[in-house]
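As stored in data.tsv (TSV, C-alpha atoms and all ligand atoms):
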chain	number	residue	atom	x	y	z
A	1	MET	CA	64.09	95.83	83.37
A	2	GLN	CA	64.39	99.59	83.19
A	3	HIS	CA	61.99	101.34	80.82
A	4	LEU	CA	64.00	102.95	78.00
A	5	LYS	CA	63.05	106.51	77.16
A	6	ARG	CA	63.62	109.19	74.53
A	7	ILE	CA	65.47	111.89	76.45
A	8	LEU	CA	66.37	115.40	75.34
A	9	VAL	CA	69.30	117.16	77.04
A	10	THR	CA	69.52	120.85	76.14
A	11	GLY	CA	73.04	122.18	76.65
A	12	GLY	CA	74.06	118.54	76.31
A	13	ALA	CA	77.53	119.27	74.95
A	14	GLY	CA	78.46	121.41	77.95
A	15	PHE	CA	80.35	120.44	81.08
A	16	LEU	CA	77.43	118.95	83.04
A	17	GLY	CA	75.40	118.07	79.96
A	18	SER	CA	78.10	115.88	78.41
A	19	HIS	CA	78.44	113.81	81.59
A	20	LEU	CA	74.66	113.50	81.83
A	21	CYS	CA	74.34	112.40	78.18
A	22	GLU	CA	77.07	109.83	78.75
A	23	ARG	CA	75.26	108.34	81.78
A	24	LEU	CA	71.90	108.24	79.99
A	25	VAL	CA	73.43	106.65	76.88
A	26	GLN	CA	75.11	104.02	79.08
A	27	GLN	CA	71.71	103.24	80.60
A	28	GLY	CA	70.49	102.50	77.06
A	29	HIS	CA	68.18	105.48	76.61
A	30	ASP	CA	67.67	107.18	73.26
A	31	VAL	CA	69.46	110.48	73.91
A	32	ILE	CA	69.12	113.70	71.92
A	33	CYS	CA	71.79	116.27	72.74
A	34	LEU	CA	70.79	119.79	71.69
A	35	ASP	CA	73.39	122.55	71.81
A	36	ASN	CA	74.52	125.66	69.95
A	37	PHE	CA	78.12	125.30	71.25
A	38	PHE	CA	78.18	128.83	72.66
A	39	THR	CA	80.28	127.75	75.67
A	40	SER	CA	81.30	124.22	74.74
A	41	GLN	CA	83.03	122.20	72.06
A	42	LYS	CA	82.07	119.10	70.14
A	43	GLN	CA	85.03	117.40	71.75
A	44	ASN	CA	83.01	116.90	74.95
A	45	ILE	CA	80.64	114.51	73.19
A	46	ALA	CA	82.88	113.26	70.36
A	47	HIS	CA	83.05	109.80	71.96
A	48	LEU	CA	79.25	109.49	71.82
A	49	LEU	CA	78.69	110.60	68.23
A	50	GLU	CA	78.94	107.17	66.62
A	51	LEU	CA	76.63	105.43	69.09
A	52	PRO	CA	73.22	104.39	67.73
A	53	ASN	CA	71.32	105.74	70.75
A	54	PHE	CA	72.93	109.21	70.65
A	55	GLU	CA	71.93	112.07	68.37
A	56	LEU	CA	73.28	115.62	68.17
A	57	ILE	CA	71.23	118.62	67.10
A	58	ARG	CA	72.86	122.02	66.66
A	59	HIS	CA	70.15	124.45	67.71
A	60	ASP	CA	69.60	127.55	69.81
A	61	VAL	CA	66.98	127.04	72.57
A	62	THR	CA	65.67	130.58	72.18
A	63	HIS	CA	63.99	129.26	69.02
A	64	PRO	CA	61.20	126.67	69.22
A	65	ILE	CA	61.92	123.14	68.03
A	66	TRP	CA	59.55	120.23	67.38
A	67	LEU	CA	60.70	116.92	68.86
A	68	GLU	CA	58.95	113.91	70.36
A	69	VAL	CA	60.45	112.95	73.71
A	70	ASP	CA	59.55	111.43	77.09
A	71	GLU	CA	61.89	113.46	79.28
A	72	ILE	CA	63.79	116.75	79.00
A	73	TYR	CA	66.75	117.94	81.05
A	74	ASN	CA	67.00	121.70	80.43
A	75	LEU	CA	70.64	122.69	80.91
A	76	ALA	CA	71.22	125.13	78.04
A	77	CYS	CA	72.55	128.39	79.48
A	78	PRO	CA	76.01	129.93	79.81
A	79	ALA	CA	76.96	129.15	83.41
A	80	SER	CA	80.20	130.87	84.40
A	81	PRO	CA	80.18	134.60	85.27
A	82	VAL	CA	82.59	135.35	82.40
A	83	HIS	CA	80.38	133.50	79.91
A	84	TYR	CA	77.01	134.77	81.09
A	85	GLN	CA	78.19	138.37	81.34
A	86	TYR	CA	79.61	138.29	77.80
A	87	ASN	CA	76.17	138.94	76.29
A	88	PRO	CA	73.88	139.51	79.28
A	89	ILE	CA	70.75	140.23	77.27
A	90	LYS	CA	71.14	136.94	75.44
A	91	THR	CA	71.69	135.20	78.79
A	92	THR	CA	68.29	136.32	80.07
A	93	LYS	CA	66.72	135.31	76.74
A	94	VAL	CA	68.25	131.84	76.94
A	95	SER	CA	66.86	131.21	80.41
A	96	VAL	CA	63.43	132.68	79.77
A	97	MET	CA	62.73	131.77	76.13
A	98	GLY	CA	64.54	128.45	76.54
A	99	ALA	CA	62.24	127.61	79.46
A	100	ILE	CA	59.13	128.63	77.50
A	101	ASN	CA	60.21	126.48	74.55
A	102	VAL	CA	61.01	123.34	76.55
A	103	LEU	CA	57.89	123.74	78.68
A	104	GLY	CA	55.77	124.09	75.54
A	105	MET	CA	57.36	120.92	74.19
A	106	ALA	CA	56.79	119.11	77.50
A	107	LYS	CA	53.15	120.18	77.51
A	108	ARG	CA	52.61	118.96	73.95
A	109	CYS	CA	54.46	115.65	74.40
A	110	ARG	CA	53.38	115.12	78.03
A	111	ALA	CA	57.07	114.82	78.80
A	112	LYS	CA	58.62	115.25	82.23
A	113	VAL	CA	60.98	118.24	82.29
A	114	LEU	CA	63.81	119.04	84.70
A	115	GLN	CA	65.20	122.55	85.07
A	116	ALA	CA	68.89	123.03	85.93
A	117	SER	CA	68.43	125.95	88.28
A	118	THR	CA	71.11	127.41	90.47
A	119	SER	CA	72.21	128.53	93.91
A	120	GLU	CA	72.31	132.02	92.35
A	121	ILE	CA	68.55	132.03	93.05
A	122	TYR	CA	69.73	132.91	96.59
A	123	GLY	CA	72.01	135.73	95.33
A	124	ASP	CA	74.36	136.92	98.08
A	125	PRO	CA	72.76	135.08	101.03
A	126	THR	CA	72.44	136.98	104.31
A	127	PRO	CA	74.25	135.42	107.31
A	128	ASP	CA	70.96	134.38	108.93
A	129	HIS	CA	70.29	132.17	105.89
A	130	HIS	CA	73.43	130.11	105.98
A	131	PRO	CA	73.52	127.33	104.86
A	132	GLN	CA	70.81	127.94	102.27
A	133	THR	CA	67.57	125.98	102.47
A	134	GLU	CA	65.09	125.81	99.61
A	135	ASP	CA	62.55	128.08	101.37
A	136	TYR	CA	65.02	131.01	101.42
A	137	ARG	CA	63.82	133.58	98.90
A	138	GLY	CA	67.22	135.06	98.31
A	139	ASN	CA	69.06	138.35	98.19
A	140	VAL	CA	69.54	139.17	94.51
A	141	ASN	CA	70.54	142.54	93.05
A	142	PRO	CA	68.03	142.83	90.17
A	143	ILE	CA	70.09	145.43	88.27
A	144	GLY	CA	73.62	144.16	88.88
A	145	VAL	CA	76.01	142.38	86.55
A	146	ARG	CA	74.93	138.93	87.76
A	147	ALA	CA	71.22	139.73	87.36
A	148	CYS	CA	71.02	138.50	83.74
A	149	TYR	CA	71.78	135.03	85.05
A	150	ASP	CA	70.17	135.18	88.50
A	151	GLU	CA	66.92	136.82	87.43
A	152	GLY	CA	66.77	134.79	84.22
A	153	LYS	CA	66.98	131.60	86.26
A	154	ARG	CA	64.41	132.95	88.75
A	155	VAL	CA	61.93	133.66	85.94
A	156	ALA	CA	62.62	130.19	84.55
A	157	GLU	CA	61.64	128.68	87.92
A	158	THR	CA	58.48	130.84	87.89
A	159	LEU	CA	57.61	129.55	84.42
A	160	PHE	CA	58.20	125.95	85.49
A	161	PHE	CA	55.85	126.26	88.46
A	162	ASP	CA	53.20	128.15	86.46
A	163	TYR	CA	53.19	125.53	83.67
A	164	HIS	CA	52.93	122.91	86.43
A	165	ARG	CA	50.02	124.62	88.20
A	166	SER	CA	48.19	125.91	85.11
A	167	ASN	CA	48.86	123.18	82.55
A	168	GLY	CA	49.70	120.15	84.66
A	169	VAL	CA	53.21	119.86	83.17
A	170	ASN	CA	55.26	117.31	85.11
A	171	ILE	CA	58.27	119.30	86.33
A	172	ARG	CA	61.39	118.82	88.42
A	173	VAL	CA	63.60	121.70	89.58
A	174	VAL	CA	67.10	121.34	91.04
A	175	ARG	CA	69.22	124.20	92.37
A	176	ILE	CA	72.84	123.38	91.61
A	177	PHE	CA	75.70	124.69	93.76
A	178	ASN	CA	79.25	125.12	92.38
A	179	THR	CA	80.14	121.95	90.51
A	180	TYR	CA	83.52	121.11	88.97
A	181	GLY	CA	85.31	118.32	87.17
A	182	PRO	CA	86.66	117.15	83.81
A	183	ARG	CA	85.22	118.87	80.70
A	184	MET	CA	84.85	122.28	82.32
A	185	HIS	CA	85.83	124.76	79.63
A	186	PRO	CA	89.45	125.68	80.38
A	187	TYR	CA	88.74	129.36	79.76
A	188	ASP	CA	85.35	129.67	81.46
A	189	GLY	CA	86.91	131.84	84.18
A	190	ARG	CA	85.45	129.75	86.99
A	191	VAL	CA	87.59	129.47	90.04
A	192	VAL	CA	88.45	125.77	89.81
A	193	SER	CA	89.49	125.85	86.15
A	194	ASN	CA	91.34	129.16	86.59
A	195	PHE	CA	93.34	127.99	89.60
A	196	ILE	CA	94.23	124.61	88.10
A	197	LEU	CA	95.39	126.06	84.77
A	198	GLN	CA	97.36	128.79	86.54
A	199	ALA	CA	98.98	126.27	88.90
A	200	LEU	CA	99.91	123.87	86.10
A	201	ALA	CA	101.57	126.75	84.24
A	202	ASN	CA	103.33	127.95	87.43
A	203	GLU	CA	101.55	131.29	87.03
A	204	ASP	CA	100.14	133.41	89.84
A	205	LEU	CA	96.77	132.24	91.15
A	206	THR	CA	94.31	135.14	90.88
A	207	LEU	CA	92.47	135.41	94.18
A	208	TYR	CA	89.58	137.86	93.91
A	209	GLY	CA	89.22	139.87	97.12
A	210	ASP	CA	90.96	138.54	100.23
A	211	GLY	CA	89.80	134.99	99.52
A	212	SER	CA	87.64	134.77	102.66
A	213	GLN	CA	84.47	134.31	100.57
A	214	THR	CA	83.25	130.72	100.67
A	215	ARG	CA	81.87	128.17	98.25
A	216	ALA	CA	81.05	124.46	98.54
A	217	PHE	CA	82.29	122.38	95.60
A	218	CYS	CA	80.53	119.32	94.23
A	219	TYR	CA	82.23	116.81	91.93
A	220	VAL	CA	80.40	116.30	88.63
A	221	ASP	CA	79.69	112.55	89.04
A	222	ASP	CA	77.83	113.20	92.29
A	223	LEU	CA	75.81	115.95	90.67
A	224	VAL	CA	74.79	113.82	87.69
A	225	GLU	CA	73.60	111.10	90.08
A	226	GLY	CA	71.48	113.76	91.79
A	227	PHE	CA	69.99	114.87	88.43
A	228	ILE	CA	68.92	111.34	87.57
A	229	ARG	CA	67.50	110.60	91.02
A	230	MET	CA	65.51	113.82	90.89
A	231	MET	CA	64.09	113.05	87.44
A	232	ASN	CA	63.17	109.51	88.52
A	233	ASN	CA	61.75	110.37	91.91
A	234	PRO	CA	58.00	109.63	91.98
A	235	ASP	CA	55.35	112.27	91.35
A	236	PRO	CA	53.82	113.96	94.40
A	237	PRO	CA	52.48	113.10	96.93
A	238	GLU	CA	55.14	110.34	97.40
A	239	GLY	CA	57.85	112.30	95.58
A	240	ILE	CA	58.65	115.96	95.02
A	241	VAL	CA	58.93	118.33	92.09
A	242	GLY	CA	61.39	120.62	93.92
A	243	PRO	CA	63.09	122.93	94.11
A	244	VAL	CA	65.79	120.75	95.63
A	245	ASN	CA	69.35	121.86	96.42
A	246	LEU	CA	72.09	119.70	94.87
A	247	GLY	CA	75.62	120.39	96.00
A	248	ASN	CA	78.37	119.34	98.36
A	249	PRO	CA	77.85	120.81	101.84
A	250	ASP	CA	81.61	120.94	102.65
A	251	GLU	CA	82.40	124.66	102.67
A	252	PHE	CA	85.83	126.15	101.90
A	253	THR	CA	87.20	129.67	101.60
A	254	ILE	CA	88.51	130.50	98.14
A	255	ARG	CA	91.96	130.97	99.69
A	256	GLN	CA	91.81	127.39	101.04
A	257	LEU	CA	90.92	126.22	97.55
A	258	ALA	CA	93.91	128.06	96.08
A	259	GLU	CA	96.25	126.51	98.66
A	260	GLN	CA	94.89	123.04	98.02
A	261	VAL	CA	95.32	123.38	94.24
A	262	ILE	CA	98.93	124.51	94.69
A	263	GLU	CA	99.62	121.56	96.99
A	264	LEU	CA	97.99	118.95	94.73
A	265	THR	CA	99.68	120.21	91.58
A	266	GLY	CA	103.07	120.63	93.29
A	267	SER	CA	103.17	124.07	91.69
A	268	GLN	CA	105.60	126.92	92.32
A	269	SER	CA	102.76	129.44	91.87
A	270	LYS	CA	102.11	132.29	94.28
A	271	ILE	CA	98.70	133.65	95.23
A	272	VAL	CA	98.01	137.27	94.17
A	273	GLN	CA	94.98	139.34	95.07
A	274	GLN	CA	92.76	141.06	92.55
A	275	PRO	CA	89.61	143.14	93.20
A	276	LEU	CA	86.47	141.25	94.18
A	277	PRO	CA	83.88	141.46	91.37
A	278	ASP	CA	80.65	143.28	92.22
A	279	ASP	CA	77.87	141.26	93.82
A	280	ASP	CA	80.20	138.28	94.36
A	281	PRO	CA	78.40	136.23	97.05
A	282	LEU	CA	80.39	136.22	100.30
A	283	GLN	CA	79.24	132.83	101.50
A	284	ARG	CA	77.42	129.91	99.99
A	285	ARG	CA	76.72	126.39	101.18
A	286	PRO	CA	73.77	124.13	100.44
A	287	ASP	CA	71.57	122.61	103.07
A	288	ILE	CA	70.93	119.23	101.41
A	289	SER	CA	68.53	117.76	103.99
A	290	LEU	CA	65.72	117.66	101.42
A	291	ALA	CA	67.80	115.80	98.80
A	292	LYS	CA	68.96	113.34	101.46
A	293	GLU	CA	65.45	112.67	102.71
A	294	LYS	CA	63.55	112.58	99.41
A	295	LEU	CA	66.17	111.31	96.94
A	296	GLY	CA	68.47	109.38	99.28
A	297	TRP	CA	71.22	111.48	97.69
A	298	GLN	CA	74.40	112.95	99.07
A	299	PRO	CA	77.84	113.58	97.56
A	300	THR	CA	80.44	110.83	97.90
A	301	ILE	CA	83.55	112.51	96.47
A	302	ASN	CA	85.49	114.94	98.66
A	303	LEU	CA	87.25	118.04	97.36
A	304	ARG	CA	90.73	116.51	97.50
A	305	ASP	CA	89.80	113.48	95.41
A	306	GLY	CA	87.68	115.49	93.01
A	307	LEU	CA	90.42	118.06	92.49
A	308	SER	CA	92.96	115.32	91.83
A	309	LYS	CA	90.79	113.87	89.05
A	310	THR	CA	90.19	117.34	87.61
A	311	ILE	CA	93.88	118.23	87.70
A	312	ALA	CA	94.68	114.99	85.86
A	313	TYR	CA	92.15	115.96	83.19
A	314	PHE	CA	93.55	119.46	82.71
A	315	ARG	CA	97.13	118.11	82.62
A	316	GLY	CA	96.19	115.97	79.64
A	317	LEU	CA	94.23	118.66	77.80
A	318	ASP	CA	95.57	120.08	74.56
A	319	LEU	CA	94.80	123.76	75.06
A	320	ARG	CA	95.40	124.52	71.39
A	321	HIS	CA	91.90	123.16	70.74
A	322	TYR	CA	90.29	125.80	72.96
A	323	ARG	CA	89.85	129.49	72.39
A	324	LYS	CA	89.33	132.15	74.99
A	325	PRO	CA	85.71	133.03	74.21
A	326	THR	CA	86.10	136.66	75.20
A	327	ASP	CA	88.57	139.20	76.55
A	328	HIS	CA	86.06	140.10	79.24
A	329	THR	CA	86.91	139.18	82.79
A	330	ALA	CA	84.62	138.69	85.77
A	331	HIS	CA	85.65	142.15	86.91
A	332	LYS	CA	82.58	143.94	85.75
A	333	SER	CA	81.06	146.65	87.86
A	334	SER	CA	77.38	146.84	88.70
A	335	ARG	CA	77.86	150.59	88.90
A	336	SER	CA	79.14	151.02	85.36
A	337	ARG	CA	77.07	153.11	82.99
A	338	PRO	CA	75.41	151.62	79.92
A	339	ARG	CA	77.25	152.27	76.68
A	340	LYS	CA	76.00	155.34	74.80
B	401	LIG	P1	78.39	124.93	80.27
B	401	LIG	O1	78.59	126.33	79.81
B	401	LIG	O2	79.52	123.99	80.15
B	401	LIG	O3	77.14	124.28	79.55
B	401	LIG	C1	76.07	125.01	79.04
B	401	LIG	C2	75.76	124.47	77.66
B	401	LIG	O4	74.63	125.17	77.13
B	401	LIG	C3	76.91	124.68	76.67
B	401	LIG	O5	77.15	123.50	75.96
B	401	LIG	C4	76.41	125.79	75.76
B	401	LIG	O6	76.96	125.74	74.48
B	401	LIG	C5	74.91	125.52	75.78
B	401	LIG	N1	74.13	126.70	75.42
B	401	LIG	C6	74.28	127.97	75.85
B	401	LIG	N2	73.37	128.77	75.28
B	401	LIG	C7	72.62	127.97	74.44
B	401	LIG	C8	71.54	128.22	73.56
B	401	LIG	N3	71.02	129.45	73.41
B	401	LIG	N4	71.02	127.17	72.88
B	401	LIG	C9	71.53	125.93	73.02
B	401	LIG	N5	72.57	125.64	73.83
B	401	LIG	C10	73.10	126.65	74.54
B	401	LIG	O7	77.91	125.03	81.79
B	401	LIG	P2	77.53	123.89	82.84
B	401	LIG	O8	78.34	124.14	84.05
B	401	LIG	O9	77.55	122.56	82.21
B	401	LIG	O10	76.03	124.29	83.21
B	401	LIG	C11	74.91	123.56	82.73
B	401	LIG	C12	73.66	124.08	83.41
B	401	LIG	O11	73.75	123.90	84.81
B	401	LIG	C13	73.40	125.56	83.16
B	401	LIG	O12	72.02	125.77	82.96
B	401	LIG	C14	73.84	126.21	84.45
B	401	LIG	O13	73.15	127.41	84.70
B	401	LIG	C15	73.51	125.14	85.47
B	401	LIG	N6	74.36	125.27	86.66
B	401	LIG	C16	75.66	124.86	86.65
B	401	LIG	C17	76.44	125.03	87.79
B	401	LIG	C18	77.88	124.59	87.86
B	401	LIG	O14	78.53	124.81	88.88
B	401	LIG	N7	78.44	123.94	86.86
B	401	LIG	C19	75.89	125.63	88.93
B	401	LIG	C20	74.57	126.06	88.88
B	401	LIG	C21	73.80	125.86	87.76
B	402	LIG	N1	87.43	133.58	91.98
B	402	LIG	C1	88.75	133.87	92.29
B	402	LIG	N2	89.67	133.78	91.31
B	402	LIG	C2	89.37	133.40	90.05
B	402	LIG	C3	88.02	133.09	89.72
B	402	LIG	C4	87.07	133.19	90.72
B	402	LIG	O1	89.07	134.21	93.44
B	402	LIG	O2	90.29	133.34	89.21
B	402	LIG	C5	86.42	133.66	93.06
B	402	LIG	C6	85.17	134.46	92.70
B	402	LIG	O3	85.36	135.83	92.99
B	402	LIG	C7	84.14	133.81	93.61
B	402	LIG	C8	84.59	132.35	93.69
B	402	LIG	O4	85.96	132.35	93.29
B	402	LIG	O5	84.18	134.36	94.89
B	402	LIG	C9	83.81	131.41	92.78
B	402	LIG	O6	83.82	131.96	91.47
B	402	LIG	P1	83.19	131.24	90.21
B	402	LIG	O7	83.26	132.20	89.09
B	402	LIG	O8	83.83	129.91	90.03
B	402	LIG	O9	81.67	130.93	90.59
B	402	LIG	P2	80.51	131.74	91.34
B	402	LIG	O10	80.20	130.90	92.50
B	402	LIG	O11	81.00	133.10	91.76
B	402	LIG	O12	79.43	131.82	90.33
As a first step, turn the structure in this file into structure tokens.
Amino acid sequence: MQHLKRILVTGGAGFLGSHLCERLVQQGHDVICLDNFFTSQKQNIAHLLELPNFELIRHDVTHPIWLEVDEIYNLACPASPVHYQYNPIKTTKVSVMGAINVLGMAKRCRAKVLQASTSEIYGDPTPDHHPQTEDYRGNVNPIGVRACYDEGKRVAETLFFDYHRSNGVNIRVVRIFNTYGPRMHPYDGRVVSNFILQALANEDLTLYGDGSQTRAFCYVDDLVEGFIRMMNNPDPPEGIVGPVNLGNPDEFTIRQLAEQVIELTGSQSKIVQQPLPDDDPLQRRPDISLAKEKLGWQPTINLRDGLSKTIAYFRGLDLRHYRKPTDHTAHKSSRSRPRK
């Protein structure tokens, strides 16, 4: 029988966090979901609230908290460019201070702690590092508009490995590539949610740049399976602490994505071009050899099937329950001057 654990999920009410909490609750674990609802709504976890093995704590991870747990999944951080650029200084704080706080807790409780890192560690990858392997050190603009997220997540990885080396904290680090699915915030500005909402409303699909930039899209259920396999994989030397890429290696241009969304929704929408945001990575695709070898993990849901499920979700969503969190768009310039 599986050993039941007390598991903390920070950012547990978010898109990925809510699916992870659901899976862990189904497995019978005692799950604590910690969230300040900056980029999510209670609705994502409403169906779990009455369950005896689920507990919700409204808290901001930049402040320490005292809990007794066996495992921690650290997901708290605004994740879409629109969200993380809304208050960039806070974004860096969330990654850095959030990491320090969960690592301190892990050290005290001797808990295992998994960091939800990101493909943004690689920044705008150079063509000779495509697809991206875990040993690539990246091409990040440290003073650009994405830096609050990219550099914050890079420092978080540094902290994880230093707590591991210096204090023997049992860590796991996964680098997540673009993931999509039900419970994405409808106004997070990410490409999948934007295109689907635009197509369902028969509005123009906003293609940034000429749409030749690429991404590889992973369906949420596959990703959550990868999270759990990574957490449960044995300690070294048999297992690994990471970093490990998790993502779907099927690469598409953003224009192809737009065309597929229009086809699957049967929409009358047209595609219109808008300027490409600064520092927008031109190509991105995970090399998942390490995850395959060490975790026996690879995605099982292709883009067409995943998009169909996501479209069905957004069709049924009552948008009156969601607010646009900000008027900001992803069109911020790295060259803009600071406000006086
Ligand atoms: P999300 O915005 O839906 O979830 C993030 C959650 O963290 C939200 O519920 C938000 O309210 C919470 N949060 C934000 N700041 C907080 C704070 N200070 N204290 C407590 N809670 C806070 O985004 P997501 O897509 O579910 O991303 C989850 C994690 O996975 C993030 O760390 C993100 O960087 C990482 N990630 C996601 C993707 C992806 O494609 N979805 C890709 C790479 C990395
Ligand atoms: N994008 C787009 N139209 C949109 C939103 C995004 O063309 O309405 C592009 C964006 O410029 C980027 C890609 O889609 O090249 C993925 O954007 P997203 O914000 O989803 O994630 P990123 O991988 O850039 O963090």
Handout entry: Point-to-point distance in Å for CA of Gly14 in chain A and CA of Ser40 in chain A
Key = 5.1 Å
Handout entry: Spatial neighbours of Leu197 in chain A, max dist 8 Å, all atoms listed in the file, sep filter under 4 positions, as a PyMOL selection string
Key = chain A and resi 186+193+201+314
For chain A versus ligand LIG 401 (chain B), which residues have an atom no more than 7 Å away, and what is each residue's nearest atom pair and distance in Å rounded to one decimal, using only C-alpha atoms and all ligand atoms, chain-then-number order, as a Markdown table?
| residue | atom | partner | partner_atom | distance |
| --- | --- | --- | --- | --- |
| A:Thr10 | CA | B:LIG401 | N5 | 6.1 |
| A:Gly11 | CA | B:LIG401 | O4 | 3.4 |
| A:Gly12 | CA | B:LIG401 | O5 | 5.9 |
| A:Ala13 | CA | B:LIG401 | O5 | 4.4 |
| A:Gly14 | CA | B:LIG401 | O5 | 3.2 |
| A:Phe15 | CA | B:LIG401 | O9 | 3.7 |
| A:Leu16 | CA | B:LIG401 | O9 | 3.7 |
| A:Gly17 | CA | B:LIG401 | O9 | 5.5 |
| A:Leu34 | CA | B:LIG401 | C9 | 6.3 |
| A:Asp35 | CA | B:LIG401 | N5 | 3.8 |
| A:Asn36 | CA | B:LIG401 | C9 | 4.3 |
| A:Phe37 | CA | B:LIG401 | O6 | 3.5 |
| A:Phe38 | CA | B:LIG401 | O6 | 3.8 |
| A:Thr39 | CA | B:LIG401 | O6 | 4.1 |
| A:Ser40 | CA | B:LIG401 | O5 | 4.4 |
| A:His59 | CA | B:LIG401 | C9 | 5.7 |
| A:Asp60 | CA | B:LIG401 | N4 | 3.4 |
| A:Val61 | CA | B:LIG401 | N4 | 4.1 |
| A:Thr62 | CA | B:LIG401 | N3 | 5.6 |
| A:Asn74 | CA | B:LIG401 | O12 | 6.9 |
| A:Leu75 | CA | B:LIG401 | O12 | 3.9 |
| A:Ala76 | CA | B:LIG401 | O4 | 3.5 |
| A:Cys77 | CA | B:LIG401 | C6 | 4.0 |
| A:Pro78 | CA | B:LIG401 | O1 | 4.4 |
| A:Ala79 | CA | B:LIG401 | O13 | 4.4 |
| A:Ser80 | CA | B:LIG401 | O1 | 6.7 |
| A:Val94 | CA | B:LIG401 | N3 | 5.1 |
| A:Ala116 | CA | B:LIG401 | O11 | 5.1 |
| A:Ser117 | CA | B:LIG401 | C21 | 5.4 |
| A:Thr118 | CA | B:LIG401 | C20 | 4.0 |
| A:Ser119 | CA | B:LIG401 | C20 | 6.1 |
| A:Arg175 | CA | B:LIG401 | C20 | 6.7 |
| A:Ile176 | CA | B:LIG401 | C20 | 4.2 |
| A:Phe177 | CA | B:LIG401 | C19 | 4.9 |
| A:Asn178 | CA | B:LIG401 | O14 | 3.6 |
| A:Thr179 | CA | B:LIG401 | O14 | 3.7 |
| A:Tyr180 | CA | B:LIG401 | N7 | 6.2 |
| A:Met184 | CA | B:LIG401 | O2 | 6.0 |
| A:His185 | CA | B:LIG401 | O2 | 6.4 |
Writer output for current selection, C-alpha atoms, as a short mmCIF file (atom, residue, chain, number, x, y, z; two decimals), in the coordinates of the input:
data_model
loop_
_atom_site.label_atom_id
_atom_site.label_comp_id
_atom_site.auth_asym_id
_atom_site.auth_seq_id
_atom_site.Cartn_x
_atom_site.Cartn_y
_atom_site.Cartn_z
CA THR A 10 69.52 120.85 76.14
CA GLY A 11 73.04 122.18 76.65
CA GLY A 12 74.06 118.54 76.31
CA ALA A 13 77.53 119.27 74.95
CA GLY A 14 78.46 121.41 77.95
CA PHE A 15 80.35 120.44 81.08
CA LEU A 16 77.43 118.95 83.04
CA GLY A 17 75.40 118.07 79.96
CA LEU A 34 70.79 119.79 71.69
CA ASP A 35 73.39 122.55 71.81
CA ASN A 36 74.52 125.66 69.95
CA PHE A 37 78.12 125.30 71.25
CA PHE A 38 78.18 128.83 72.66
CA THR A 39 80.28 127.75 75.67
CA SER A 40 81.30 124.22 74.74
CA HIS A 59 70.15 124.45 67.71
CA ASP A 60 69.60 127.55 69.81
CA VAL A 61 66.98 127.04 72.57
CA THR A 62 65.67 130.58 72.18
CA ASN A 74 67.00 121.70 80.43
CA LEU A 75 70.64 122.69 80.91
CA ALA A 76 71.22 125.13 78.04
CA CYS A 77 72.55 128.39 79.48
CA PRO A 78 76.01 129.93 79.81
CA ALA A 79 76.96 129.15 83.41
CA SER A 80 80.20 130.87 84.40
CA VAL A 94 68.25 131.84 76.94
CA ALA A 116 68.89 123.03 85.93
CA SER A 117 68.43 125.95 88.28
CA THR A 118 71.11 127.41 90.47
CA SER A 119 72.21 128.53 93.91
CA ARG A 175 69.22 124.20 92.37
CA ILE A 176 72.84 123.38 91.61
CA PHE A 177 75.70 124.69 93.76
CA ASN A 178 79.25 125.12 92.38
CA THR A 179 80.14 121.95 90.51
CA TYR A 180 83.52 121.11 88.97
CA MET A 184 84.85 122.28 82.32
CA HIS A 185 85.83 124.76 79.63
#
Practice task
Using only C-alpha atoms and all ligand atoms, determine which residues fall within 6 Å of ligand LIG 402 (chain B), then list them as a PyMOL selection string.
Solution key: chain A and resi 80-81+178+189-191+194+206-208+213+254+276+280
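Shortest separation to Gly316 in chain A among A:Leu200, A:Ala99, A:Cys109, A:Ile65 occurs at residue A:Leu200, atoms counted being only C-alpha atoms.
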Exercise for the section: State, in Å with one decimal place, the distance from CA of Gln268 in chain A to CA of Ala199 in chain A. Expected result: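 These two atoms are separated by 7.5 Å.
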Practice task
Have a look at A:Arg255, A:Lys93, A:Arg165, A:Arg229 and name the one nearest to Gly296 in chain A; count all atoms listed in the file.
Solution key: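 Of the candidates, the smallest distance to Gly296 in chain A is held by A:Arg229.
For the set A:Gln41, A:Gln115, A:Gln85, A:Gln273, the residue with the smallest atom-to-atom gap to Gly98 in chain A is A:Gln115, counting all atoms listed in the file.
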Handout entry: Selected residue, from A:Ile228, A:Val192, A:Ile301, A:Ala216, that lies nearest to Ile262 in chain A when counting all atoms listed in the file
Key =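 For Ile262 in chain A, the nearest of the given residues is A:Val192.
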Practice task
Work out how far CA of Pro243 in chain A is from CA of Ala106 in chain A, in Å to one decimal.
Solution key: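 Taking CA of Ala106 in chain A and CA of Pro243 in chain A, their separation equals 18.2 Å.
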